Amino acid sequence: MQEHGHGHGVVSTYAVHRVDLARSQHGISVSGEEFQEPPVLRFKAAPGMAFLKARSMVVGVTDRNAGVVEAESVIIDASTWEVSTGPPPPSTEYGLVEVSGKIYAAEMLTEDPRCVVLGSSTTGGERRVRQVWSPLPRPPFRDRILTLAAYPPRRGLLASTEKGETFLLDGRRRRGGPAWIALPGSARLPWEEERAVYYAKDHGLWFEVSANDGRLRAHELDVVLGSGAPRLEHKTTHRVSDPIPVITPSARGGATRSAKLVCLGRSMFCVVQADDGIGADGWPALPVTVTVFRVIDSEMPAVTPLVERRRRRRRERGMNARWVAAELERACADKASGSGRRRKLCRVNLWSHTYIARCPSLPGVLWM
């Protein structure tokens, strides 16, 4: 998504572009081509919005760093690309997290935080469905929230506070609905931004990517709710080895912004990075680098005979980019399986390409 500022920050124009991640494009490319015009969607809304996926919808909500007085939101139907005005959240100081198709919001800068969730409500004689923010149980602490994270195994949230405490909002309780659970003695969450990490169900790990070098880190967490006091266990952080370094804006001398990581499922990921740039005509020209890669995990099932036969046929057809990617994947799998009891992860880049966006910023990247 692109954002163009207008009217001294009163309103911004957003453009939604689609990148086909399934196309047969292998190898590395640094040549920039502009996003295809016209975009899938163009609309005007409040500046400084953050965009999240909620099932078949894209929801834009005023980010807490936007510096505005009143929060706004928009709802985008991804099947028709129609845009409608959404319900504004009660505050401009919410941190936002998507959990199992729902959007949770928690106040971050107050010692008496509130939490809400965006859901559907049916009203009127025509039984019209609209989106509303519904209150969640008030947290049992009086402290500022520093870090939020989705915890899909319990369909809830993890929150670390300024005093170093960690709490779980458990969304899988059968009686009484969601409830907060204190996790005494637990360390803070091992990342800084709530939208900087993604939970990959295939691996049971939380992944984050460095904005400087594109390298992955995978965090192994577990909330223990059995006998004894509930607790959060941060078992380890895996540093994912990268046979092929990702192309990053910093590698081309630009000022790197935060990398945006998207989990595609089936051990596939996409990372998007952008840096500042001005075109020859003096207008903004934002280089956007898209890299698709796979993570090989020593605890994942071994390669099947069918996959091995496909690799052999690729080798017989000759040396090409796809064959190289397959060979790297095989080498990583062999290295991971030979690591003994210690879990090993490595990353294989499939393709990377740089696009030019005619905009000053990249507020969101979503996989639909």
# chains A, B, ... in the order shown; residues from 1 in each chain; ligands from 1
>>> closest_atom_pairs(of="region 58-123 of chain A", to="region 135-147 of chain A", cutoff="7 Å", atoms="only C-alpha atoms", output="tab-separated table")
residue	atom	partner	partner_atom	distance
A:Met108	CA	A:Ile145	CA	4.9
A:Leu109	CA	A:Arg144	CA	5.7
A:Thr110	CA	A:Arg144	CA	5.3
A:Glu111	CA	A:Asp143	CA	4.1
A:Asp112	CA	A:Arg142	CA	5.1
A:Pro113	CA	A:Pro139	CA	7.0
A:Arg114	CA	A:Arg138	CA	5.8
A:Cys115	CA	A:Leu136	CA	5.4
A:Val116	CA	A:Pro135	CA	4.4
A:Val117	CA	A:Pro135	CA	6.5
>>> residues_around(residues="Met57 (chain A)", least_positions_apart="6", cutoff="6 Å", atoms="only C-alpha atoms", output="list in words")
Ile76, Asp77 and Ala78 of chain A
>>> write_last_selection(atoms="C-alpha atoms", output="short mmCIF file (atom, residue, chain, number, x, y, z; two decimals), in the first residue's frame")
data_model
loop_
_atom_site.label_atom_id
_atom_site.label_comp_id
_atom_site.auth_asym_id
_atom_site.auth_seq_id
_atom_site.Cartn_x
_atom_site.Cartn_y
_atom_site.Cartn_z
CA ILE A 76 -11.81 -2.69 2.56
CA ASP A 77 -13.62 -5.72 1.14
CA ALA A 78 -10.81 -7.71 -0.50
#
>>> select_by_dssp(residues="region 30-175 of chain A", states="strand (DSSP E)", output="ChimeraX atom specification")
/A:30-34,41-45,49-54,57-62,73-77,82-85,94-99,102-107,115-123,128-135,145-151,156-161,166-170
>>> atom_distance(atom1="CA of Ala179 (chain A)", atom2="CA of Ser100 (chain A)")
16.7 Å
>>> atom_distance(atom1="CA of Pro184 (chain A)", atom2="CA of Val97 (chain A)")
23.0 Å
>>> atom_distance(atom1="CA of Val272 (chain A)", atom2="CA of Ser91 (chain A)")
29.1 Å
>>> select_by_dssp(residues="region 50-292 of chain A", states="helix (DSSP H, G or I)", output="ChimeraX atom specification")
/A:152-154,249-252
>>> write_last_selection(atoms="N, CA and C atoms", output="compact mmCIF listing (two decimals), in the first residue's frame")
# COMPACT_ATOMS: atom_id res chain seq x y z
N PRO A 152 -1.53 -17.11 19.01
CA PRO A 152 -2.55 -17.93 18.36
C PRO A 152 -2.87 -19.26 19.04
N PRO A 153 -1.91 -19.94 19.71
CA PRO A 153 -2.29 -21.20 20.36
C PRO A 153 -3.43 -21.06 21.36
N ARG A 154 -3.60 -19.86 21.93
CA ARG A 154 -4.72 -19.62 22.85
C ARG A 154 -5.66 -18.54 22.30
N PRO A 249 17.68 -2.45 1.08
CA PRO A 249 17.95 -1.07 0.68
C PRO A 249 19.28 -0.55 1.23
N SER A 250 19.66 -0.99 2.45
CA SER A 250 20.91 -0.51 3.02
C SER A 250 22.11 -0.99 2.22
N ALA A 251 21.95 -2.14 1.54
CA ALA A 251 23.04 -2.65 0.72
C ALA A 251 23.29 -1.75 -0.50
N ARG A 252 22.30 -0.94 -0.85
CA ARG A 252 22.46 -0.02 -1.98
C ARG A 252 22.73 1.40 -1.51
>>> residues_around(residues="region 64-70 of chain A", least_positions_apart="6", cutoff="12 Å", atoms="only C-alpha atoms", output="PyMOL selection string")
chain A and resi 9-12+46-50+87-96+105-109+363
>>> residues_around(residues="region 167-176 of chain A", least_positions_apart="2", cutoff="6 Å", atoms="only C-alpha atoms", output="PyMOL selection string")
chain A and resi 154-159+178-183
>>> residues_around(residues="Leu21 (chain A)", least_positions_apart="6", cutoff="12 Å", atoms="only C-alpha atoms", output="list of chain:residue names")
A:Val262, A:Leu264, A:Met268, A:Phe269, A:Cys270, A:Val271, A:Val290, A:Thr291, A:Val292, A:Phe293, A:Leu350, A:Trp351, A:Ser352, A:His353, A:Leu366, A:Trp367, A:Met368
>>> closest_residue(among="A:Lys44, A:Arg347, A:Lys102, A:Arg18", to="Val59 (chain A)", atoms="only C-alpha atoms")
A:Lys102
>>> closest_residue(among="A:Ala54, A:Val132, A:Val16, A:Val288", to="Glu98 (chain A)", atoms="only C-alpha atoms")
A:Ala54
